[in-house]
>>> print(open('work-v8.txt').read())   # compact mmCIF, C-alpha atoms
# COMPACT_ATOMS: atom_id res chain seq x y z
CA GLY W 1 -96.77 42.11 -51.07
CA ALA W 2 -97.29 45.24 -53.13
CA VAL W 3 -97.08 48.36 -50.99
CA VAL W 4 -98.21 51.85 -51.87
CA SER W 5 -97.33 54.85 -49.72
CA GLN W 6 -98.65 58.37 -49.62
CA HIS W 7 -97.05 61.52 -48.30
CA PRO W 8 -98.05 63.43 -46.36
CA SER W 9 -100.64 61.53 -44.39
CA TRP W 10 -102.20 64.77 -43.16
CA VAL W 11 -101.81 68.34 -44.33
CA ILE W 12 -103.36 71.67 -43.40
CA CYS W 13 -103.05 74.58 -45.78
CA LYS W 14 -104.45 78.06 -46.09
CA SER W 15 -107.05 78.95 -48.65
CA GLY W 16 -105.47 80.06 -51.91
CA THR W 17 -102.29 78.04 -51.54
CA SER W 18 -101.34 74.85 -53.38
CA VAL W 19 -100.51 71.51 -51.87
CA LYS W 20 -98.82 68.46 -53.38
CA ILE W 21 -99.57 64.87 -52.42
CA GLU W 22 -97.23 62.06 -53.40
CA CYS W 23 -98.14 58.47 -54.18
CA ARG W 24 -95.36 55.89 -54.43
CA SER W 25 -95.33 52.22 -55.29
CA LEU W 26 -92.56 50.94 -53.02
CA ASP W 27 -91.80 47.48 -54.33
CA PHE W 28 -93.17 47.42 -57.85
CA GLN W 29 -93.42 49.57 -60.93
CA ALA W 30 -96.80 50.90 -61.92
CA THR W 31 -97.55 52.34 -65.32
CA THR W 32 -101.00 53.25 -64.10
CA MET W 33 -102.01 54.90 -60.86
CA PHE W 34 -105.38 56.20 -59.74
CA TRP W 35 -106.50 59.08 -57.55
CA TYR W 36 -109.67 58.90 -55.47
CA ARG W 37 -111.44 61.32 -53.20
CA GLN W 38 -113.48 60.34 -50.20
CA PHE W 39 -115.92 62.58 -48.36
CA PRO W 40 -117.01 61.69 -44.81
CA LYS W 41 -119.57 58.91 -44.76
CA GLN W 42 -119.38 58.63 -48.54
CA SER W 43 -117.75 56.28 -50.97
CA LEU W 44 -114.45 56.67 -52.76
CA MET W 45 -114.88 58.55 -56.01
CA LEU W 46 -112.39 58.08 -58.83
CA MET W 47 -110.94 61.45 -59.79
CA ALA W 48 -108.43 60.54 -62.45
CA THR W 49 -106.26 57.85 -63.96
CA SER W 50 -102.57 58.65 -64.09
CA ASN W 51 -100.42 57.04 -66.78
CA GLU W 52 -96.65 57.21 -66.67
CA GLY W 53 -95.29 59.52 -69.34
CA SER W 54 -98.63 60.80 -70.55
CA LYS W 55 -101.44 63.08 -69.49
CA ALA W 56 -103.86 61.97 -66.85
CA THR W 57 -107.42 61.04 -67.74
CA TYR W 58 -109.90 62.89 -65.56
CA GLU W 59 -113.38 61.74 -64.63
CA GLN W 60 -116.35 63.86 -65.57
CA GLY W 61 -116.76 66.82 -63.27
CA VAL W 62 -113.18 66.87 -62.03
CA GLU W 63 -111.33 70.09 -62.84
CA LYS W 64 -108.01 69.17 -64.40
CA ASP W 65 -106.60 72.65 -63.87
CA LYS W 66 -107.36 72.46 -60.18
CA PHE W 67 -106.16 68.93 -59.57
CA LEU W 68 -102.86 68.61 -61.41
CA ILE W 69 -101.55 65.08 -61.78
CA ASN W 70 -98.01 64.19 -62.76
CA HIS W 71 -96.81 60.63 -63.22
CA ALA W 72 -93.15 61.27 -63.88
CA SER W 73 -91.79 57.83 -63.09
CA LEU W 74 -92.97 54.25 -62.77
CA THR W 75 -93.07 54.54 -58.99
CA LEU W 76 -94.33 58.07 -58.37
CA SER W 77 -97.48 60.01 -59.12
CA THR W 78 -98.28 63.38 -57.61
CA LEU W 79 -101.54 65.22 -57.13
CA THR W 80 -101.34 68.98 -56.70
CA VAL W 81 -104.39 70.80 -55.45
CA THR W 82 -103.99 74.32 -56.78
CA SER W 83 -105.48 77.41 -55.17
CA ALA W 84 -107.09 75.26 -52.53
CA HIS W 85 -110.40 76.24 -50.97
CA PRO W 86 -112.18 74.86 -47.91
CA GLU W 87 -114.46 72.77 -50.14
CA ASP W 88 -111.37 70.89 -51.34
CA SER W 89 -110.92 69.53 -47.81
CA SER W 90 -111.22 65.79 -48.12
CA PHE W 91 -109.46 62.45 -47.88
CA TYR W 92 -107.42 61.68 -50.99
CA ILE W 93 -106.43 58.09 -51.74
CA CYS W 94 -104.21 56.78 -54.50
CA SER W 95 -103.79 53.29 -55.89
CA ALA W 96 -101.27 51.67 -58.18
CA ARG W 97 -102.04 48.82 -60.49
CA GLN W 98 -100.06 45.61 -60.68
CA GLY W 99 -102.75 43.28 -61.92
CA GLU W 100 -105.16 44.47 -59.26
CA GLN W 101 -105.16 47.90 -57.64
CA TYR W 102 -103.10 48.37 -54.48
CA PHE W 103 -104.16 51.32 -52.36
CA GLY W 104 -102.22 53.84 -50.35
CA PRO W 105 -103.23 54.82 -46.80
CA GLY W 106 -104.67 58.16 -47.86
CA THR W 107 -103.94 61.83 -47.23
CA ARG W 108 -106.27 64.04 -45.24
CA LEU W 109 -106.31 67.59 -46.58
CA THR W 110 -107.78 70.40 -44.51
CA VAL W 111 -108.00 73.83 -46.09
CA THR W 112 -108.56 76.69 -43.65
CA ALA Y 1 -124.45 53.74 -64.75
CA GLN Y 2 -123.46 51.46 -61.93
CA SER Y 3 -124.01 52.00 -58.24
CA VAL Y 4 -123.30 50.14 -55.05
CA THR Y 5 -125.37 50.25 -51.88
CA GLN Y 6 -124.13 49.21 -48.48
CA LEU Y 7 -127.17 49.64 -46.30
CA ASP Y 8 -125.42 49.21 -42.97
CA SER Y 9 -123.04 52.01 -42.08
CA GLN Y 10 -122.10 50.26 -38.84
CA VAL Y 11 -122.32 46.67 -37.68
CA PRO Y 12 -121.52 45.91 -34.04
CA VAL Y 13 -120.92 42.27 -33.15
CA PHE Y 14 -119.39 40.27 -30.34
CA GLU Y 15 -116.24 38.25 -30.83
CA GLU Y 16 -116.76 34.72 -32.21
CA ALA Y 17 -120.23 35.60 -33.51
CA PRO Y 18 -121.09 35.30 -37.20
CA VAL Y 19 -121.44 38.43 -39.30
CA GLU Y 20 -122.90 39.40 -42.66
CA LEU Y 21 -122.17 42.71 -44.34
CA ARG Y 22 -124.66 43.52 -47.06
CA CYS Y 23 -123.90 44.82 -50.53
CA ASN Y 24 -126.33 45.39 -53.38
CA TYR Y 25 -125.43 46.75 -56.76
CA SER Y 26 -127.18 48.20 -59.75
CA SER Y 27 -125.89 47.79 -63.28
CA SER Y 28 -127.25 47.34 -66.78
CA VAL Y 29 -124.25 45.22 -67.74
CA SER Y 30 -122.38 42.31 -66.25
CA VAL Y 31 -119.94 43.28 -63.55
CA TYR Y 32 -117.02 42.14 -61.50
CA LEU Y 33 -117.52 42.44 -57.73
CA PHE Y 34 -115.02 43.15 -54.97
CA TRP Y 35 -114.77 43.49 -51.22
CA TYR Y 36 -112.01 45.60 -49.70
CA VAL Y 37 -111.04 46.10 -46.06
CA GLN Y 38 -109.46 49.19 -44.61
CA TYR Y 39 -107.76 48.98 -41.24
CA PRO Y 40 -107.06 52.23 -39.37
CA ASN Y 41 -104.36 54.33 -41.01
CA GLN Y 42 -103.87 51.79 -43.78
CA GLY Y 43 -104.80 51.51 -47.44
CA LEU Y 44 -107.63 49.40 -48.79
CA GLN Y 45 -106.76 45.72 -49.05
CA LEU Y 46 -108.53 43.30 -51.37
CA LEU Y 47 -110.47 40.67 -49.41
CA LEU Y 48 -111.99 38.79 -52.32
CA LYS Y 49 -113.42 39.21 -55.79
CA TYR Y 50 -115.96 37.61 -58.07
CA LEU Y 51 -115.07 37.49 -61.73
CA SER Y 52 -116.91 34.41 -62.99
CA GLY Y 53 -117.58 30.79 -62.13
CA SER Y 54 -118.69 29.65 -58.70
CA THR Y 55 -120.94 32.15 -57.01
CA LEU Y 56 -119.40 31.45 -53.62
CA VAL Y 57 -116.07 33.18 -53.34
CA LYS Y 58 -113.61 32.61 -50.54
CA GLY Y 59 -111.18 35.32 -49.53
CA ILE Y 60 -108.52 36.05 -47.00
CA ASN Y 61 -108.95 36.02 -43.22
CA GLY Y 62 -111.82 33.51 -43.35
CA PHE Y 63 -114.23 35.78 -45.24
CA GLU Y 64 -116.47 34.61 -48.05
CA ALA Y 65 -119.09 36.23 -50.25
CA GLU Y 66 -121.88 34.93 -52.43
CA PHE Y 67 -122.85 36.47 -55.73
CA ASN Y 68 -126.61 36.43 -56.28
CA LYS Y 69 -127.43 37.69 -59.74
CA SER Y 70 -131.21 37.63 -59.33
CA GLN Y 71 -131.00 39.73 -56.18
CA THR Y 72 -128.03 41.77 -57.44
CA SER Y 73 -126.27 41.16 -54.15
CA PHE Y 74 -122.78 40.26 -53.03
CA HIS Y 75 -122.98 39.91 -49.25
CA LEU Y 76 -119.84 39.31 -47.22
CA ARG Y 77 -119.87 36.74 -44.42
CA LYS Y 78 -117.65 35.32 -41.75
CA PRO Y 79 -118.78 32.52 -39.42
CA SER Y 80 -116.77 33.69 -36.41
CA VAL Y 81 -115.22 37.14 -36.13
CA HIS Y 82 -112.18 38.25 -34.18
CA ILE Y 83 -111.34 41.54 -32.54
CA SER Y 84 -108.78 42.06 -35.30
CA ASP Y 85 -111.58 42.11 -37.90
CA THR Y 86 -112.61 45.55 -36.66
CA ALA Y 87 -112.25 47.74 -39.74
CA GLU Y 88 -114.09 49.51 -42.54
CA TYR Y 89 -115.33 47.25 -45.35
CA PHE Y 90 -116.04 48.48 -48.86
CA CYS Y 91 -117.94 46.73 -51.62
CA ALA Y 92 -117.08 47.72 -55.19
CA VAL Y 93 -118.02 46.87 -58.78
CA SER Y 94 -116.46 47.35 -62.15
CA ASP Y 95 -117.82 46.53 -65.54
CA LEU Y 96 -116.19 43.87 -67.66
CA ASP Y 97 -114.90 46.32 -70.27
CA ASN Y 98 -113.30 48.77 -67.86
CA THR Y 99 -111.92 46.97 -64.87
CA ASP Y 100 -109.86 50.01 -63.89
CA LYS Y 101 -112.93 52.01 -62.89
CA LEU Y 102 -114.08 50.80 -59.50
CA ILE Y 103 -117.40 52.07 -58.16
CA PHE Y 104 -117.41 51.87 -54.38
CA GLY Y 105 -120.14 51.69 -51.79
CA THR Y 106 -120.11 53.99 -48.78
CA GLY Y 107 -118.54 51.41 -46.53
CA THR Y 108 -119.59 49.45 -43.45
CA ARG Y 109 -117.80 49.87 -40.17
CA LEU Y 110 -117.48 46.46 -38.48
CA GLN Y 111 -116.89 46.82 -34.75
CA VAL Y 112 -116.08 43.61 -32.91
CA PHE Y 113 -116.49 43.67 -29.13
CA PRO Y 114 -114.88 41.25 -26.67
>>> encode(input="work-v8.txt", output="structure tokens")
Amino acid sequence: GAVVSQHPSWVICKSGTSVKIECRSLDFQATTMFWYRQFPKQSLMLMATSNEGSKATYEQGVEKDKFLINHASLTLSTLTVTSAHPEDSSFYICSARQGEQYFGPGTRLTVT
Amino acid sequence: AQSVTQLDSQVPVFEEAPVELRCNYSSSVSVYLFWYVQYPNQGLQLLLKYLSGSTLVKGINGFEAEFNKSQTSFHLRKPSVHISDTAEYFCAVSDLDNTDKLIFGTGTRLQVFP
């Protein structure tokens, strides 16, 4: 079946630093990937749609300069949280589309 | 705007008992409906989906869901659960014109006890 991985699964960073999260489709090519954010006890919220070779489309209220998305190849999209602050601490989940969306296991970001 | 409500944050049940996880949605347009399951440390996996046709949808692992348009519900059921069904379950909707944008509920934690 279609498998999506994320790296790292858990990361702690200091306030003011940047952190990069990778999303890979392991056994298929995905022209479109998605990034979600999940707060505790809340639903997944779509942050942005990442298209290979073009700029990402961000949802309303998501700061594109803070959450940089790069979809450089058909199997890799990256999310960089720039100048992270404690309020950016969250669970970030990606998905890749091959017909339906296939989800990665998520990355827990803690900003201290 | 669409929204999804999963009223039960946790559902405890004994093994081999039946279970129903509730999902209600709100939308001004027709929607597609989905149920996803998330096992610990894994990504969301599609259980089943309703696109059109029969309102009773059968999915993987013995789960089924029924679309009720008048009650705007899409409850998930299983007649006999197993310990291995312990997981987080998410209901989601998308509108017909933008199937990429999934709107998720807050999830229901199903805990199956021996």
>>> interface_residues(input="work-v8.txt", of="chain Y", to="chain W", cutoff="6 Å", atoms="all atoms listed in the file", output="ChimeraX atom specification")
/Y:41-44,104-106
>>> write_last_selection(input="work-v8.txt", atoms="C-alpha atoms", output="PDB file, keeping the file's coordinate frame")
ATOM      1  CA  ASN Y  41    -104.360  54.330 -41.010  1.00  0.00           C
ATOM      2  CA  GLN Y  42    -103.870  51.790 -43.780  1.00  0.00           C
ATOM      3  CA  GLY Y  43    -104.800  51.510 -47.440  1.00  0.00           C
ATOM      4  CA  LEU Y  44    -107.630  49.400 -48.790  1.00  0.00           C
ATOM      5  CA  PHE Y 104    -117.410  51.870 -54.380  1.00  0.00           C
ATOM      6  CA  GLY Y 105    -120.140  51.690 -51.790  1.00  0.00           C
ATOM      7  CA  THR Y 106    -120.110  53.990 -48.780  1.00  0.00           C
TER       8      THR Y 106
END
>>> residues_around(input="work-v8.txt", residues="Y:Ala87", least_positions_apart="6", cutoff="8 Å", atoms="all atoms listed in the file", output="ChimeraX atom specification")
/Y:37-40,109-111
>>> closest_residue(input="work-v8.txt", among="Y:Ala92, Y:Val112, Y:Val29, Y:Ile83", to="Y:Leu48", atoms="only C-alpha atoms")
Y:Ala92
>>> residues_around(input="work-v8.txt", residues="Y:Asn24", least_positions_apart="3", cutoff="6 Å", atoms="all atoms listed in the file", output="list in words")
Val4, Thr5, Thr72 and Ser73 of chain Y
>>> residues_around(input="work-v8.txt", residues="stretch 62-65 of chain Y", least_positions_apart="5", cutoff="8 Å", atoms="only C-alpha atoms", output="list in words")
Leu47, Leu48, Leu56, Val57, Phe74, His75, Leu76, Arg77 and Lys78 of chain Y
>>> atom_distance(input="work-v8.txt", atom1="atom CA of Y:Tyr25", atom2="atom CA of Y:Gln2")
7.3 Å
>>> closest_residue(input="work-v8.txt", among="W:Ile69, W:Arg37, W:Glu87, W:Thr82", to="W:Glu22", atoms="all atoms listed in the file")
W:Ile69
>>> atom_distance(input="work-v8.txt", atom1="atom CA of W:Val62", atom2="atom CA of W:Met47")
6.3 Å
>>> residues_near_point(input="work-v8.txt", point="(-102.8, 72.2, -56.0)", cutoff="6 Å", atoms="only C-alpha atoms", output="ChimeraX atom specification")
/W:18-19,67,80-83
>>> axis_aligned_box(input="work-v8.txt", around="stretch 7-24 of chain W", padding_each_side="5 Å", output="AutoDock Vina command-line options")
--center_x -101.2 --center_y 68.0 --center_z -48.8 --size_x 21.7 --size_y 34.2 --size_z 21.3
>>> atom_distance(input="work-v8.txt", atom1="atom CA of Y:Leu46", atom2="atom CA of W:Thr110")
28.0 Å
>>> residues_near_point(input="work-v8.txt", point="(-91.9, 47.9, -50.5)", cutoff="7 Å", atoms="all atoms listed in the file", output="CSV table (one decimal) with C-alpha atoms, in the frame of the given file")
chain,number,residue,atom,x,y,z
W,2,ALA,CA,-97.3,45.2,-53.1
W,3,VAL,CA,-97.1,48.4,-51.0
W,26,LEU,CA,-92.6,50.9,-53.0
W,27,ASP,CA,-91.8,47.5,-54.3
>>> closest_residue(input="work-v8.txt", among="W:Gln98, W:Ser50, W:Thr17, W:Thr57", to="W:Gly1", atoms="only C-alpha atoms")
W:Gln98
>>> residues_around(input="work-v8.txt", residues="Y:Gly107", least_positions_apart="3", cutoff="7 Å", atoms="all atoms listed in the file", output="PDB file with C-alpha atoms, in the coordinates of the input")
ATOM      1  CA  SER W  43    -117.750  56.280 -50.970  1.00  0.00           C
TER       2      SER W  43
ATOM      3  CA  GLN Y   6    -124.130  49.210 -48.480  1.00  0.00           C
ATOM      4  CA  SER Y   9    -123.040  52.010 -42.080  1.00  0.00           C
ATOM      5  CA  GLU Y  88    -114.090  49.510 -42.540  1.00  0.00           C
ATOM      6  CA  TYR Y  89    -115.330  47.250 -45.350  1.00  0.00           C
ATOM      7  CA  PHE Y  90    -116.040  48.480 -48.860  1.00  0.00           C
ATOM      8  CA  CYS Y  91    -117.940  46.730 -51.620  1.00  0.00           C
TER       9      CYS Y  91
END
>>> residues_around(input="work-v8.txt", residues="Y:Asn98", least_positions_apart="6", cutoff="12 Å", atoms="all atoms listed in the file", output="short mmCIF file (atom, residue, chain, number, x, y, z; two decimals) with C-alpha atoms, keeping the file's coordinate frame")
data_model
loop_
_atom_site.label_atom_id
_atom_site.label_comp_id
_atom_site.auth_asym_id
_atom_site.auth_seq_id
_atom_site.Cartn_x
_atom_site.Cartn_y
_atom_site.Cartn_z
CA VAL Y 29 -124.25 45.22 -67.74
CA SER Y 30 -122.38 42.31 -66.25
CA VAL Y 31 -119.94 43.28 -63.55
CA TYR Y 32 -117.02 42.14 -61.50
#
>>> decode(input="work-v8.txt", residues="stretch 56-85 of chain W", atoms="N, CA, C and O atoms", output="PDB file, in the first residue's frame")
ATOM      1  N   ALA W  56       3.395  26.769  -2.680  1.00  0.00           N
ATOM      2  CA  ALA W  56       2.321  26.167  -1.897  1.00  0.00           C
ATOM      3  C   ALA W  56       1.139  27.123  -1.794  1.00  0.00           C
ATOM      4  O   ALA W  56       1.289  28.344  -1.884  1.00  0.00           O
ATOM      5  N   THR W  57      -0.025  26.535  -1.602  1.00  0.00           N
ATOM      6  CA  THR W  57      -1.240  27.320  -1.374  1.00  0.00           C
ATOM      7  C   THR W  57      -1.580  27.240   0.100  1.00  0.00           C
ATOM      8  O   THR W  57      -1.829  26.151   0.623  1.00  0.00           O
ATOM      9  N   TYR W  58      -1.611  28.375   0.768  1.00  0.00           N
ATOM     10  CA  TYR W  58      -1.828  28.394   2.211  1.00  0.00           C
ATOM     11  C   TYR W  58      -3.291  28.674   2.529  1.00  0.00           C
ATOM     12  O   TYR W  58      -3.960  29.445   1.840  1.00  0.00           O
ATOM     13  N   GLU W  59      -3.763  28.077   3.606  1.00  0.00           N
ATOM     14  CA  GLU W  59      -5.116  28.332   4.075  1.00  0.00           C
ATOM     15  C   GLU W  59      -5.156  29.700   4.775  1.00  0.00           C
ATOM     16  O   GLU W  59      -4.134  30.220   5.245  1.00  0.00           O
ATOM     17  N   GLN W  60      -6.349  30.229   4.832  1.00  0.00           N
ATOM     18  CA  GLN W  60      -6.519  31.538   5.463  1.00  0.00           C
ATOM     19  C   GLN W  60      -6.044  31.487   6.901  1.00  0.00           C
ATOM     20  O   GLN W  60      -6.372  30.570   7.645  1.00  0.00           O
ATOM     21  N   GLY W  61      -5.269  32.493   7.280  1.00  0.00           N
ATOM     22  CA  GLY W  61      -4.787  32.581   8.648  1.00  0.00           C
ATOM     23  C   GLY W  61      -3.449  31.923   8.888  1.00  0.00           C
ATOM     24  O   GLY W  61      -2.899  32.047   9.985  1.00  0.00           O
ATOM     25  N   VAL W  62      -2.920  31.226   7.914  1.00  0.00           N
ATOM     26  CA  VAL W  62      -1.618  30.575   8.062  1.00  0.00           C
ATOM     27  C   VAL W  62      -0.548  31.480   7.468  1.00  0.00           C
ATOM     28  O   VAL W  62      -0.644  31.895   6.309  1.00  0.00           O
ATOM     29  N   GLU W  63       0.461  31.802   8.271  1.00  0.00           N
ATOM     30  CA  GLU W  63       1.512  32.713   7.819  1.00  0.00           C
ATOM     31  C   GLU W  63       2.508  31.991   6.916  1.00  0.00           C
ATOM     32  O   GLU W  63       3.274  31.141   7.375  1.00  0.00           O
ATOM     33  N   LYS W  64       2.535  32.364   5.663  1.00  0.00           N
ATOM     34  CA  LYS W  64       3.407  31.667   4.716  1.00  0.00           C
ATOM     35  C   LYS W  64       4.877  31.945   4.982  1.00  0.00           C
ATOM     36  O   LYS W  64       5.731  31.131   4.658  1.00  0.00           O
ATOM     37  N   ASP W  65       5.187  33.103   5.570  1.00  0.00           N
ATOM     38  CA  ASP W  65       6.582  33.402   5.861  1.00  0.00           C
ATOM     39  C   ASP W  65       7.077  32.670   7.088  1.00  0.00           C
ATOM     40  O   ASP W  65       8.283  32.560   7.316  1.00  0.00           O
ATOM     41  N   LYS W  66       6.161  32.200   7.895  1.00  0.00           N
ATOM     42  CA  LYS W  66       6.537  31.475   9.099  1.00  0.00           C
ATOM     43  C   LYS W  66       6.616  29.979   8.826  1.00  0.00           C
ATOM     44  O   LYS W  66       7.469  29.291   9.359  1.00  0.00           O
ATOM     45  N   PHE W  67       5.722  29.500   8.016  1.00  0.00           N
ATOM     46  CA  PHE W  67       5.668  28.074   7.694  1.00  0.00           C
ATOM     47  C   PHE W  67       6.037  27.918   6.211  1.00  0.00           C
ATOM     48  O   PHE W  67       5.182  27.972   5.329  1.00  0.00           O
ATOM     49  N   LEU W  68       7.324  27.727   5.980  1.00  0.00           N
ATOM     50  CA  LEU W  68       7.826  27.635   4.610  1.00  0.00           C
ATOM     51  C   LEU W  68       7.686  26.203   4.100  1.00  0.00           C
ATOM     52  O   LEU W  68       8.139  25.262   4.739  1.00  0.00           O
ATOM     53  N   ILE W  69       7.074  26.082   2.946  1.00  0.00           N
ATOM     54  CA  ILE W  69       6.864  24.752   2.362  1.00  0.00           C
ATOM     55  C   ILE W  69       7.600  24.670   1.039  1.00  0.00           C
ATOM     56  O   ILE W  69       7.493  25.557   0.196  1.00  0.00           O
ATOM     57  N   ASN W  70       8.333  23.574   0.879  1.00  0.00           N
ATOM     58  CA  ASN W  70       9.062  23.318  -0.361  1.00  0.00           C
ATOM     59  C   ASN W  70       8.752  21.913  -0.833  1.00  0.00           C
ATOM     60  O   ASN W  70       8.873  20.959  -0.081  1.00  0.00           O
ATOM     61  N   HIS W  71       8.315  21.807  -2.074  1.00  0.00           N
ATOM     62  CA  HIS W  71       7.977  20.490  -2.647  1.00  0.00           C
ATOM     63  C   HIS W  71       8.885  20.290  -3.843  1.00  0.00           C
ATOM     64  O   HIS W  71       8.478  20.454  -4.994  1.00  0.00           O
ATOM     65  N   ALA W  72      10.135  19.957  -3.544  1.00  0.00           N
ATOM     66  CA  ALA W  72      11.181  19.965  -4.569  1.00  0.00           C
ATOM     67  C   ALA W  72      11.160  18.743  -5.472  1.00  0.00           C
ATOM     68  O   ALA W  72      11.710  18.773  -6.566  1.00  0.00           O
ATOM     69  N   SER W  73      10.551  17.667  -5.024  1.00  0.00           N
ATOM     70  CA  SER W  73      10.521  16.473  -5.865  1.00  0.00           C
ATOM     71  C   SER W  73       9.166  15.798  -5.702  1.00  0.00           C
ATOM     72  O   SER W  73       8.360  16.195  -4.857  1.00  0.00           O
ATOM     73  N   LEU W  74       8.929  14.777  -6.487  1.00  0.00           N
ATOM     74  CA  LEU W  74       7.637  14.095  -6.456  1.00  0.00           C
ATOM     75  C   LEU W  74       7.473  13.199  -5.236  1.00  0.00           C
ATOM     76  O   LEU W  74       6.408  12.612  -5.050  1.00  0.00           O
ATOM     77  N   THR W  75       8.521  13.079  -4.429  1.00  0.00           N
ATOM     78  CA  THR W  75       8.420  12.223  -3.249  1.00  0.00           C
ATOM     79  C   THR W  75       8.766  12.945  -1.961  1.00  0.00           C
ATOM     80  O   THR W  75       8.782  12.332  -0.897  1.00  0.00           O
ATOM     81  N   LEU W  76       9.032  14.243  -2.030  1.00  0.00           N
ATOM     82  CA  LEU W  76       9.469  14.951  -0.828  1.00  0.00           C
ATOM     83  C   LEU W  76       8.888  16.351  -0.751  1.00  0.00           C
ATOM     84  O   LEU W  76       8.987  17.139  -1.689  1.00  0.00           O
ATOM     85  N   SER W  77       8.272  16.627   0.397  1.00  0.00           N
ATOM     86  CA  SER W  77       7.852  17.983   0.726  1.00  0.00           C
ATOM     87  C   SER W  77       8.401  18.297   2.100  1.00  0.00           C
ATOM     88  O   SER W  77       8.446  17.423   2.978  1.00  0.00           O
ATOM     89  N   THR W  78       8.833  19.532   2.295  1.00  0.00           N
ATOM     90  CA  THR W  78       9.356  19.924   3.602  1.00  0.00           C
ATOM     91  C   THR W  78       8.588  21.123   4.141  1.00  0.00           C
ATOM     92  O   THR W  78       8.158  21.992   3.379  1.00  0.00           O
ATOM     93  N   LEU W  79       8.429  21.126   5.451  1.00  0.00           N
ATOM     94  CA  LEU W  79       7.815  22.243   6.162  1.00  0.00           C
ATOM     95  C   LEU W  79       8.860  22.785   7.118  1.00  0.00           C
ATOM     96  O   LEU W  79       9.375  22.041   7.955  1.00  0.00           O
ATOM     97  N   THR W  80       9.190  24.051   6.958  1.00  0.00           N
ATOM     98  CA  THR W  80      10.145  24.692   7.863  1.00  0.00           C
ATOM     99  C   THR W  80       9.417  25.719   8.711  1.00  0.00           C
ATOM    100  O   THR W  80       8.801  26.639   8.166  1.00  0.00           O
ATOM    101  N   VAL W  81       9.487  25.522  10.015  1.00  0.00           N
ATOM    102  CA  VAL W  81       8.910  26.487  10.943  1.00  0.00           C
ATOM    103  C   VAL W  81      10.018  27.464  11.295  1.00  0.00           C
ATOM    104  O   VAL W  81      11.012  27.092  11.928  1.00  0.00           O
ATOM    105  N   THR W  82       9.876  28.687  10.847  1.00  0.00           N
ATOM    106  CA  THR W  82      10.940  29.671  11.040  1.00  0.00           C
ATOM    107  C   THR W  82      10.707  30.463  12.321  1.00  0.00           C
ATOM    108  O   THR W  82       9.568  30.741  12.699  1.00  0.00           O
ATOM    109  N   SER W  83      11.810  30.827  12.973  1.00  0.00           N
ATOM    110  CA  SER W  83      11.743  31.611  14.208  1.00  0.00           C
ATOM    111  C   SER W  83      10.636  31.078  15.120  1.00  0.00           C
ATOM    112  O   SER W  83       9.677  31.776  15.451  1.00  0.00           O
ATOM    113  N   ALA W  84      10.797  29.839  15.481  1.00  0.00           N
ATOM    114  CA  ALA W  84       9.734  29.151  16.228  1.00  0.00           C
ATOM    115  C   ALA W  84       9.520  29.778  17.600  1.00  0.00           C
ATOM    116  O   ALA W  84      10.458  30.238  18.260  1.00  0.00           O
ATOM    117  N   HIS W  85       8.267  29.769  18.021  1.00  0.00           N
ATOM    118  CA  HIS W  85       7.882  30.237  19.345  1.00  0.00           C
ATOM    119  C   HIS W  85       7.085  29.151  20.049  1.00  0.00           C
ATOM    120  O   HIS W  85       6.576  28.233  19.390  1.00  0.00           O
TER     121      HIS W  85
END
